[in-house]
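Listing of model22.txt, compact mmCIF, N, CA and C atoms
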# COMPACT_ATOMS: atom_id res chain seq x y z
N LYS M 1 4.77 -34.12 -52.87
CA LYS M 1 6.16 -34.48 -52.66
C LYS M 1 6.90 -33.26 -52.10
N THR M 2 7.76 -33.49 -51.11
CA THR M 2 8.52 -32.40 -50.50
C THR M 2 10.00 -32.53 -50.85
N VAL M 3 10.74 -31.50 -50.51
CA VAL M 3 12.18 -31.50 -50.75
C VAL M 3 12.87 -32.66 -50.02
N PHE M 4 12.29 -33.09 -48.93
CA PHE M 4 12.87 -34.19 -48.16
C PHE M 4 12.71 -35.54 -48.85
N GLU M 5 11.82 -35.60 -49.83
CA GLU M 5 11.61 -36.84 -50.56
C GLU M 5 12.34 -36.86 -51.90
N ASP M 6 12.99 -35.76 -52.25
CA ASP M 6 13.73 -35.69 -53.51
C ASP M 6 14.94 -36.60 -53.51
N VAL M 7 15.39 -36.91 -54.68
CA VAL M 7 16.58 -37.74 -54.86
C VAL M 7 17.81 -36.84 -54.79
N TRP M 8 18.78 -37.25 -54.00
CA TRP M 8 20.04 -36.51 -53.92
C TRP M 8 21.06 -37.23 -54.78
N TYR M 9 21.70 -36.49 -55.62
CA TYR M 9 22.67 -37.09 -56.54
C TYR M 9 24.02 -37.24 -55.87
N ALA M 10 24.73 -38.26 -56.28
CA ALA M 10 26.08 -38.50 -55.75
C ALA M 10 27.03 -37.44 -56.33
N LEU M 11 27.85 -36.90 -55.48
CA LEU M 11 28.84 -35.93 -55.93
C LEU M 11 30.02 -36.65 -56.56
N PRO M 12 30.69 -35.99 -57.50
CA PRO M 12 31.86 -36.64 -58.10
C PRO M 12 32.96 -36.81 -57.05
N ALA M 13 33.84 -37.76 -57.29
CA ALA M 13 34.96 -38.00 -56.37
C ALA M 13 35.83 -36.75 -56.28
N HIS M 14 36.33 -36.47 -55.10
CA HIS M 14 37.12 -35.26 -54.89
C HIS M 14 38.54 -35.40 -55.41
N GLY M 15 39.05 -36.58 -55.51
CA GLY M 15 40.38 -36.80 -56.06
C GLY M 15 41.53 -36.45 -55.12
N LEU M 16 41.23 -36.21 -53.86
CA LEU M 16 42.29 -35.89 -52.90
C LEU M 16 42.93 -37.16 -52.36
N SER M 17 44.22 -37.13 -52.20
CA SER M 17 44.92 -38.26 -51.61
C SER M 17 44.62 -38.30 -50.11
N SER M 18 44.87 -39.43 -49.48
CA SER M 18 44.65 -39.52 -48.03
C SER M 18 45.57 -38.55 -47.29
N GLN M 19 46.77 -38.32 -47.82
CA GLN M 19 47.69 -37.35 -47.21
C GLN M 19 47.11 -35.94 -47.28
N ARG M 20 46.52 -35.58 -48.42
CA ARG M 20 45.93 -34.24 -48.58
C ARG M 20 44.70 -34.08 -47.68
N ILE M 21 43.93 -35.13 -47.53
CA ILE M 21 42.77 -35.09 -46.64
C ILE M 21 43.23 -34.85 -45.20
N ARG M 22 44.28 -35.56 -44.77
CA ARG M 22 44.81 -35.35 -43.41
C ARG M 22 45.32 -33.93 -43.24
N ALA M 23 45.94 -33.38 -44.28
CA ALA M 23 46.43 -32.00 -44.21
C ALA M 23 45.27 -31.03 -44.02
N TRP M 24 44.19 -31.23 -44.78
CA TRP M 24 43.02 -30.36 -44.63
C TRP M 24 42.39 -30.53 -43.24
N GLU M 25 42.35 -31.75 -42.73
CA GLU M 25 41.82 -31.97 -41.38
C GLU M 25 42.65 -31.20 -40.36
N SER M 26 43.95 -31.19 -40.53
CA SER M 26 44.84 -30.44 -39.64
C SER M 26 44.56 -28.95 -39.73
N VAL M 27 44.41 -28.44 -40.94
CA VAL M 27 44.12 -27.01 -41.14
C VAL M 27 42.79 -26.64 -40.48
N ILE M 28 41.78 -27.47 -40.67
CA ILE M 28 40.46 -27.19 -40.09
C ILE M 28 40.52 -27.22 -38.56
N THR M 29 41.25 -28.17 -38.00
CA THR M 29 41.42 -28.23 -36.54
C THR M 29 42.12 -26.97 -36.03
N LEU M 30 43.21 -26.59 -36.69
CA LEU M 30 43.94 -25.38 -36.27
C LEU M 30 43.09 -24.13 -36.43
N ARG M 31 42.25 -24.11 -37.46
CA ARG M 31 41.35 -22.97 -37.66
C ARG M 31 40.38 -22.85 -36.47
N GLY M 32 39.92 -23.98 -35.97
CA GLY M 32 39.04 -23.97 -34.80
C GLY M 32 39.73 -23.41 -33.57
N TYR M 33 40.98 -23.84 -33.35
CA TYR M 33 41.75 -23.30 -32.22
C TYR M 33 41.98 -21.80 -32.37
N ALA M 34 42.30 -21.37 -33.59
CA ALA M 34 42.53 -19.95 -33.84
C ALA M 34 41.26 -19.14 -33.61
N ALA M 35 40.13 -19.68 -34.03
CA ALA M 35 38.85 -18.98 -33.85
C ALA M 35 38.56 -18.76 -32.36
N LYS M 36 38.90 -19.74 -31.53
CA LYS M 36 38.70 -19.59 -30.08
C LYS M 36 39.59 -18.48 -29.53
N GLU M 37 40.81 -18.39 -30.03
CA GLU M 37 41.72 -17.33 -29.58
C GLU M 37 41.24 -15.95 -30.04
N ILE M 38 40.70 -15.89 -31.24
CA ILE M 38 40.14 -14.63 -31.75
C ILE M 38 38.96 -14.20 -30.89
N GLU M 39 38.16 -15.16 -30.45
CA GLU M 39 37.01 -14.84 -29.60
C GLU M 39 37.43 -14.21 -28.28
N VAL M 40 38.60 -14.60 -27.77
CA VAL M 40 39.12 -13.98 -26.54
C VAL M 40 39.35 -12.49 -26.78
N LEU M 41 39.95 -12.15 -27.93
CA LEU M 41 40.17 -10.73 -28.26
C LEU M 41 38.86 -10.00 -28.50
N ARG M 42 37.92 -10.69 -29.13
CA ARG M 42 36.62 -10.07 -29.39
C ARG M 42 35.90 -9.76 -28.07
N ALA M 43 35.95 -10.70 -27.14
CA ALA M 43 35.31 -10.50 -25.83
C ALA M 43 35.95 -9.34 -25.07
N ALA M 44 37.24 -9.10 -25.32
CA ALA M 44 37.95 -8.00 -24.68
C ALA M 44 37.85 -6.71 -25.50
N SER M 45 37.01 -6.72 -26.54
CA SER M 45 36.81 -5.56 -27.42
C SER M 45 38.09 -5.09 -28.11
N GLN M 46 39.02 -6.02 -28.35
CA GLN M 46 40.25 -5.67 -29.06
C GLN M 46 40.11 -5.84 -30.57
N VAL M 47 39.19 -6.70 -30.99
CA VAL M 47 38.84 -6.83 -32.41
C VAL M 47 37.33 -6.91 -32.51
N GLY M 48 36.82 -6.46 -33.65
CA GLY M 48 35.39 -6.55 -33.88
C GLY M 48 35.02 -7.77 -34.72
N SER M 49 35.93 -8.14 -35.61
CA SER M 49 35.70 -9.30 -36.47
C SER M 49 37.02 -10.04 -36.66
N SER M 50 36.92 -11.25 -37.19
CA SER M 50 38.14 -12.03 -37.39
C SER M 50 39.06 -11.39 -38.42
N LEU M 51 38.52 -10.60 -39.35
CA LEU M 51 39.37 -9.93 -40.33
C LEU M 51 40.25 -8.87 -39.69
N GLN M 52 39.90 -8.44 -38.51
CA GLN M 52 40.70 -7.45 -37.80
C GLN M 52 41.86 -8.10 -37.05
N ALA M 53 41.92 -9.42 -37.07
CA ALA M 53 42.96 -10.16 -36.34
C ALA M 53 44.07 -10.62 -37.27
N GLU M 54 45.25 -10.73 -36.69
CA GLU M 54 46.40 -11.32 -37.36
C GLU M 54 46.83 -12.54 -36.56
N LEU M 55 47.14 -13.62 -37.25
CA LEU M 55 47.49 -14.88 -36.60
C LEU M 55 48.96 -15.22 -36.79
N GLU M 56 49.50 -15.88 -35.78
CA GLU M 56 50.82 -16.51 -35.88
C GLU M 56 50.68 -17.94 -35.39
N PHE M 57 51.02 -18.88 -36.25
CA PHE M 57 51.04 -20.28 -35.86
C PHE M 57 52.50 -20.68 -35.64
N HIS M 58 52.80 -21.21 -34.49
CA HIS M 58 54.11 -21.78 -34.18
C HIS M 58 53.84 -23.28 -34.02
N VAL M 59 54.18 -24.05 -35.06
CA VAL M 59 53.78 -25.46 -35.11
C VAL M 59 54.93 -26.36 -35.57
N THR M 60 54.79 -27.63 -35.26
CA THR M 60 55.80 -28.61 -35.68
C THR M 60 55.65 -28.91 -37.18
N THR M 61 56.50 -29.76 -37.69
CA THR M 61 56.64 -29.96 -39.14
C THR M 61 55.34 -30.34 -39.85
N THR M 62 54.59 -31.31 -39.34
CA THR M 62 53.40 -31.76 -40.07
C THR M 62 52.35 -30.66 -40.21
N PRO M 63 51.94 -29.99 -39.13
CA PRO M 63 50.98 -28.89 -39.32
C PRO M 63 51.59 -27.71 -40.09
N PHE M 64 52.90 -27.50 -39.94
CA PHE M 64 53.57 -26.44 -40.69
C PHE M 64 53.40 -26.68 -42.19
N GLU M 65 53.64 -27.91 -42.61
CA GLU M 65 53.52 -28.24 -44.03
C GLU M 65 52.08 -28.13 -44.50
N ALA M 66 51.13 -28.54 -43.66
CA ALA M 66 49.71 -28.43 -44.03
C ALA M 66 49.31 -26.97 -44.22
N LEU M 67 49.70 -26.12 -43.28
CA LEU M 67 49.34 -24.69 -43.36
C LEU M 67 50.03 -24.00 -44.53
N THR M 68 51.31 -24.21 -44.67
CA THR M 68 52.05 -23.51 -45.73
C THR M 68 51.72 -24.02 -47.12
N SER M 69 51.14 -25.21 -47.22
CA SER M 69 50.76 -25.73 -48.54
C SER M 69 49.65 -24.89 -49.18
N LEU M 70 48.94 -24.12 -48.37
CA LEU M 70 47.86 -23.27 -48.89
C LEU M 70 48.38 -21.94 -49.43
N GLY M 71 49.63 -21.65 -49.19
CA GLY M 71 50.23 -20.43 -49.73
C GLY M 71 49.51 -19.17 -49.30
N ASP M 72 49.33 -18.25 -50.25
CA ASP M 72 48.68 -16.97 -49.95
C ASP M 72 47.21 -17.11 -49.62
N ASP M 73 46.61 -18.26 -49.91
CA ASP M 73 45.20 -18.47 -49.60
C ASP M 73 44.95 -18.75 -48.12
N LEU M 74 46.00 -18.97 -47.35
CA LEU M 74 45.83 -19.36 -45.95
C LEU M 74 45.02 -18.33 -45.17
N HIS M 75 45.27 -17.06 -45.38
CA HIS M 75 44.51 -16.06 -44.60
C HIS M 75 43.04 -16.04 -44.99
N PHE M 76 42.71 -16.44 -46.22
CA PHE M 76 41.30 -16.55 -46.60
C PHE M 76 40.66 -17.74 -45.89
N VAL M 77 41.37 -18.85 -45.81
CA VAL M 77 40.86 -20.04 -45.13
C VAL M 77 40.66 -19.74 -43.64
N MET M 78 41.57 -18.99 -43.04
CA MET M 78 41.47 -18.65 -41.62
C MET M 78 40.51 -17.48 -41.36
N ILE M 79 40.07 -16.82 -42.42
CA ILE M 79 39.19 -15.65 -42.35
C ILE M 79 39.82 -14.57 -41.47
N THR M 80 41.09 -14.29 -41.74
CA THR M 80 41.81 -13.21 -41.07
C THR M 80 42.54 -12.41 -42.14
N SER M 81 43.05 -11.25 -41.74
CA SER M 81 43.74 -10.40 -42.71
C SER M 81 45.19 -10.81 -42.94
N ASN M 82 45.79 -11.49 -41.99
CA ASN M 82 47.19 -11.87 -42.14
C ASN M 82 47.47 -13.11 -41.30
N VAL M 83 48.30 -14.00 -41.84
CA VAL M 83 48.71 -15.20 -41.12
C VAL M 83 50.20 -15.43 -41.37
N LYS M 84 50.92 -15.70 -40.30
CA LYS M 84 52.32 -16.10 -40.41
C LYS M 84 52.45 -17.48 -39.78
N VAL M 85 53.32 -18.30 -40.37
CA VAL M 85 53.50 -19.66 -39.88
C VAL M 85 54.98 -19.89 -39.61
N TYR M 86 55.28 -20.38 -38.42
CA TYR M 86 56.66 -20.66 -38.02
C TYR M 86 56.76 -22.12 -37.60
N ARG M 87 57.88 -22.74 -37.98
CA ARG M 87 58.13 -24.13 -37.58
C ARG M 87 58.87 -24.14 -36.25
N VAL M 88 58.41 -24.99 -35.33
CA VAL M 88 59.09 -25.18 -34.05
C VAL M 88 59.53 -26.64 -33.94
N ALA M 89 60.44 -26.91 -33.03
CA ALA M 89 61.04 -28.24 -32.92
C ALA M 89 60.16 -29.25 -32.19
N SER M 90 59.35 -28.80 -31.22
CA SER M 90 58.59 -29.76 -30.43
C SER M 90 57.17 -29.26 -30.17
N GLU M 91 56.31 -30.20 -29.82
CA GLU M 91 54.91 -29.85 -29.53
C GLU M 91 54.80 -28.92 -28.33
N ILE M 92 55.74 -28.99 -27.41
CA ILE M 92 55.73 -28.11 -26.23
C ILE M 92 55.81 -26.64 -26.66
N GLU M 93 56.49 -26.38 -27.76
CA GLU M 93 56.67 -25.01 -28.26
C GLU M 93 55.50 -24.53 -29.11
N GLU M 94 54.58 -25.42 -29.45
CA GLU M 94 53.47 -25.03 -30.32
C GLU M 94 52.56 -24.03 -29.64
N LYS M 95 52.14 -23.03 -30.42
CA LYS M 95 51.21 -22.03 -29.90
C LYS M 95 50.58 -21.27 -31.06
N ILE M 96 49.46 -20.65 -30.77
CA ILE M 96 48.80 -19.77 -31.72
C ILE M 96 48.70 -18.40 -31.06
N LEU M 97 49.25 -17.41 -31.71
CA LEU M 97 49.18 -16.04 -31.21
C LEU M 97 48.22 -15.23 -32.08
N VAL M 98 47.42 -14.42 -31.44
CA VAL M 98 46.47 -13.57 -32.15
C VAL M 98 46.66 -12.15 -31.65
N LYS M 99 46.69 -11.21 -32.59
CA LYS M 99 46.78 -9.80 -32.21
C LYS M 99 45.92 -8.98 -33.15
N PRO M 100 45.48 -7.82 -32.67
CA PRO M 100 44.72 -6.94 -33.56
C PRO M 100 45.64 -6.36 -34.63
N SER M 101 45.13 -6.22 -35.82
CA SER M 101 45.92 -5.63 -36.90
C SER M 101 46.12 -4.14 -36.64
N THR M 102 47.27 -3.65 -37.03
CA THR M 102 47.57 -2.21 -36.91
C THR M 102 47.37 -1.50 -38.25
N HIS M 103 46.94 -2.24 -39.26
CA HIS M 103 46.80 -1.67 -40.60
C HIS M 103 45.41 -1.08 -40.81
N LYS M 104 45.27 -0.33 -41.90
CA LYS M 104 43.98 0.25 -42.27
C LYS M 104 43.10 -0.81 -42.92
N LYS M 105 41.80 -0.58 -42.81
CA LYS M 105 40.81 -1.50 -43.38
C LYS M 105 40.50 -1.09 -44.82
N CYS M 106 40.52 -2.05 -45.72
CA CYS M 106 40.15 -1.81 -47.12
C CYS M 106 38.63 -1.67 -47.20
N ASP M 107 38.17 -0.61 -47.87
CA ASP M 107 36.73 -0.39 -47.99
C ASP M 107 36.04 -1.42 -48.88
N ARG M 108 36.79 -2.10 -49.71
CA ARG M 108 36.18 -3.07 -50.63
C ARG M 108 36.14 -4.48 -50.04
N CYS M 109 37.28 -5.00 -49.60
CA CYS M 109 37.34 -6.40 -49.14
C CYS M 109 37.29 -6.53 -47.61
N TRP M 110 37.44 -5.42 -46.92
CA TRP M 110 37.40 -5.35 -45.46
C TRP M 110 38.60 -5.97 -44.77
N HIS M 111 39.61 -6.38 -45.53
CA HIS M 111 40.84 -6.87 -44.91
C HIS M 111 41.65 -5.68 -44.42
N TYR M 112 42.38 -5.91 -43.35
CA TYR M 112 43.28 -4.89 -42.81
C TYR M 112 44.65 -5.17 -43.40
N ARG M 113 45.13 -4.22 -44.24
CA ARG M 113 46.35 -4.48 -44.99
C ARG M 113 47.26 -3.26 -44.98
N ALA M 114 48.55 -3.52 -45.07
CA ALA M 114 49.55 -2.45 -45.08
C ALA M 114 49.47 -1.62 -46.35
N ASP M 115 48.94 -2.19 -47.43
CA ASP M 115 48.92 -1.46 -48.70
C ASP M 115 47.62 -0.71 -49.00
N VAL M 116 46.76 -0.54 -48.00
CA VAL M 116 45.57 0.28 -48.20
C VAL M 116 46.03 1.71 -48.46
N GLY M 117 45.55 2.27 -49.57
CA GLY M 117 45.92 3.64 -49.93
C GLY M 117 47.22 3.75 -50.69
N SER M 118 47.84 2.64 -51.04
CA SER M 118 49.13 2.70 -51.75
C SER M 118 48.97 3.20 -53.18
N ASP M 119 47.78 3.11 -53.74
CA ASP M 119 47.49 3.65 -55.07
C ASP M 119 46.78 4.99 -54.87
N ALA M 120 47.41 6.07 -55.32
CA ALA M 120 46.88 7.42 -55.10
C ALA M 120 45.49 7.61 -55.68
N GLU M 121 45.18 6.92 -56.76
CA GLU M 121 43.86 7.06 -57.39
C GLU M 121 42.77 6.30 -56.63
N HIS M 122 43.18 5.38 -55.78
CA HIS M 122 42.22 4.55 -55.04
C HIS M 122 42.69 4.47 -53.59
N SER M 123 42.55 5.56 -52.90
CA SER M 123 43.17 5.70 -51.57
C SER M 123 42.48 4.91 -50.46
N HIS M 124 41.30 4.35 -50.72
CA HIS M 124 40.58 3.65 -49.66
C HIS M 124 40.54 2.14 -49.85
N ILE M 125 41.27 1.65 -50.88
CA ILE M 125 41.29 0.21 -51.08
C ILE M 125 42.73 -0.29 -51.13
N CYS M 126 42.86 -1.59 -50.93
CA CYS M 126 44.19 -2.21 -50.88
C CYS M 126 44.71 -2.53 -52.28
N GLY M 127 45.98 -2.84 -52.35
CA GLY M 127 46.61 -3.18 -53.61
C GLY M 127 46.00 -4.40 -54.27
N ARG M 128 45.58 -5.37 -53.47
CA ARG M 128 44.95 -6.58 -54.01
C ARG M 128 43.65 -6.23 -54.72
N CYS M 129 42.86 -5.34 -54.11
CA CYS M 129 41.60 -4.93 -54.73
C CYS M 129 41.84 -4.08 -55.97
N VAL M 130 42.85 -3.22 -55.94
CA VAL M 130 43.19 -2.43 -57.13
C VAL M 130 43.52 -3.38 -58.27
N SER M 131 44.32 -4.40 -57.99
CA SER M 131 44.69 -5.38 -59.01
C SER M 131 43.47 -6.15 -59.51
N ASN M 132 42.58 -6.53 -58.60
CA ASN M 132 41.39 -7.28 -59.00
C ASN M 132 40.42 -6.43 -59.82
N LEU M 133 40.33 -5.14 -59.51
CA LEU M 133 39.40 -4.26 -60.22
C LEU M 133 39.96 -3.72 -61.52
N PHE M 134 41.22 -3.36 -61.51
CA PHE M 134 41.78 -2.61 -62.64
C PHE M 134 42.99 -3.28 -63.29
N GLY M 135 43.41 -4.38 -62.77
CA GLY M 135 44.60 -5.05 -63.29
C GLY M 135 44.32 -6.49 -63.65
N LYS M 136 45.35 -7.27 -63.56
CA LYS M 136 45.30 -8.69 -63.91
C LYS M 136 44.50 -9.51 -62.90
N GLY M 137 44.45 -9.06 -61.66
CA GLY M 137 43.72 -9.79 -60.63
C GLY M 137 44.57 -10.87 -59.99
N GLU M 138 44.02 -11.48 -58.96
CA GLU M 138 44.76 -12.51 -58.23
C GLU M 138 44.29 -13.90 -58.66
N ALA M 139 45.15 -14.84 -58.51
CA ALA M 139 44.81 -16.24 -58.75
C ALA M 139 44.71 -16.92 -57.40
N ARG M 140 43.52 -17.44 -57.09
CA ARG M 140 43.32 -18.15 -55.84
C ARG M 140 43.04 -19.61 -56.15
N LYS M 141 43.55 -20.47 -55.28
CA LYS M 141 43.42 -21.90 -55.54
C LYS M 141 42.53 -22.62 -54.53
N TYR M 142 42.61 -22.23 -53.26
CA TYR M 142 41.92 -22.98 -52.21
C TYR M 142 40.75 -22.25 -51.57
N ALA M 143 40.72 -20.95 -51.65
CA ALA M 143 39.65 -20.21 -50.98
C ALA M 143 39.33 -18.95 -51.74

Entire entry expressed as structure tokens:
Amino acid sequence: KTVFEDVWYALPAHGLSSQRIRAWESVITLRGYAAKEIEVLRAASQVGSSLQAELEFHVTTTPFEALTSLGDDLHFVMITSNVKVYRVASEIEEKILVKPSTHKKCDRCWHYRADVGSDAEHSHICGRCVSNLFGKGEARKYA
């Protein structure tokens, strides 16, 4: 008997509403568009990895609500160091901007953050990592 003949068990229901599923579909679609824009910078040797990029989404209400519903976890979902989301009035104004981060890279999490070195005792890591290692830590919900 091989692994291909094994029984696969049914996963439990996810419990997401149809509205939440549509929101995640929107986020995943936008993530794909953002990844293509990051690749343009990578091809131009402006970034080496997606964590070196910062994103700006200028989107209408529905995608704005989908993106902002993820809160601080959005940059983890996008696999970038920073994400900003702005609401625009029409689809004509929608755009995704990508730029290389100007911040230092954290030696622990590899994110480029303004607070790298803000703790004198841990000069090569960011405040988030200091908190995760020596403090209360962060609470993440989606990523």

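Comparing M:Val88, M:Leu97, M:Glu25, M:Lys36 by their smallest distance to Leu55 in chain M, the closest is M:Leu97 (using only N, CA and C atoms).
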
For a cut-off of 7 Å around (49.3, -20.1, -30.2), file coordinates, pick out all residues using all atoms listed in the file and list them as a list of chain:residue names.
-> M:Glu56, M:Phe57, M:His58, M:Glu94, M:Lys95, M:Ile96, M:Leu97, M:Val98

Work out how far atom C of Tyr112 in chain M is from CA of Leu51 in chain M, in Å to one decimal.
->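 So the answer is 7.7 Å.
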
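On the backbone of this structure, DSSP gives strand (DSSP E) within chain M to M:Ala53, M:Glu54, M:Leu55, M:Glu56, M:Phe57, M:His58, M:Val59, M:Asn82, M:Val83, M:Lys84, M:Val85, M:Tyr86, M:Arg87, M:Lys95, M:Ile96, M:Leu97, M:Val98, M:Lys99, M:Pro100, M:Lys104, M:Lys105, M:Tyr112, M:Arg113.
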
Would you list the contacts of Ser101 in chain M as a count of residues only, taking every protein, DNA or RNA residue within 10 Å and counting only C-alpha atoms, but skipping same-chain residues closer than 3 positions in sequence?
-> 17

For Gly117 in chain M, please output as a list of chain:residue names all residues within 10 Å (counting only C-alpha atoms; exclusion window: fewer than 3 positions along the same chain).
->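 Contacts, in chain order: M:Lys104, M:Lys105, M:Cys106, M:Arg113, M:Ala114, M:Ala120, M:Glu121, M:His122, M:Ser123, M:His124, M:Ile125, M:Cys126, M:Gly127, M:Val130.
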
So what do you get for CA of Ala143 in chain M versus CA of Pro63 in chain M, distance-wise?
-> 18.4 Å

Distance table requested - range 34-115 of chain M against range 12-23 of chain M, cut-off 7 Å, only N, CA and C atoms: one row per qualifying residue with the closest atom pair and its distance in Å to one decimal, ordered by chain and rising residue number, as a tab-separated table.
residue	atom	partner	partner_atom	distance
M:Glu65	C	M:Ala23	CA	6.9
M:Ala66	CA	M:Ala23	CA	4.9
M:Leu67	N	M:Ala23	C	6.7

Write the residues of the selection above to a file with N, CA and C atoms, as a CSV table (one decimal), in the coordinates of the input.
chain,number,residue,atom,x,y,z
M,65,GLU,N,53.6,-27.9,-42.6
M,65,GLU,CA,53.5,-28.2,-44.0
M,65,GLU,C,52.1,-28.1,-44.5
M,66,ALA,N,51.1,-28.5,-43.7
M,66,ALA,CA,49.7,-28.4,-44.0
M,66,ALA,C,49.3,-27.0,-44.2
M,67,LEU,N,49.7,-26.1,-43.3
M,67,LEU,CA,49.3,-24.7,-43.4
M,67,LEU,C,50.0,-24.0,-44.5

Near Ala35 in chain M, within 10 Å and counting only C-alpha atoms, which residues show up once chain neighbours fewer than 4 positions away are dropped, as a ChimeraX atom specification?
-> /M:29-31,39-40,50,55,78-80,98

Select, counting all atoms listed in the file, all protein, DNA and RNA residues no farther than 6.5 Å from (53.4, -20.5, -42.2) in file coordinates, and express the selection as a ChimeraX atom specification.
-> /M:64,67-68,83-86

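We find atom C of Asp72 in chain M and CA of Val27 in chain M to be spaced 13.4 Å apart.
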
Out of M:Thr60, M:Pro100, M:Lys141, M:Ala34, which residue has the shortest atom-to-atom distance to Arg87 in chain M when counting only N, CA and C atoms?
->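 For Arg87 in chain M, the nearest of the candidates is M:Thr60.
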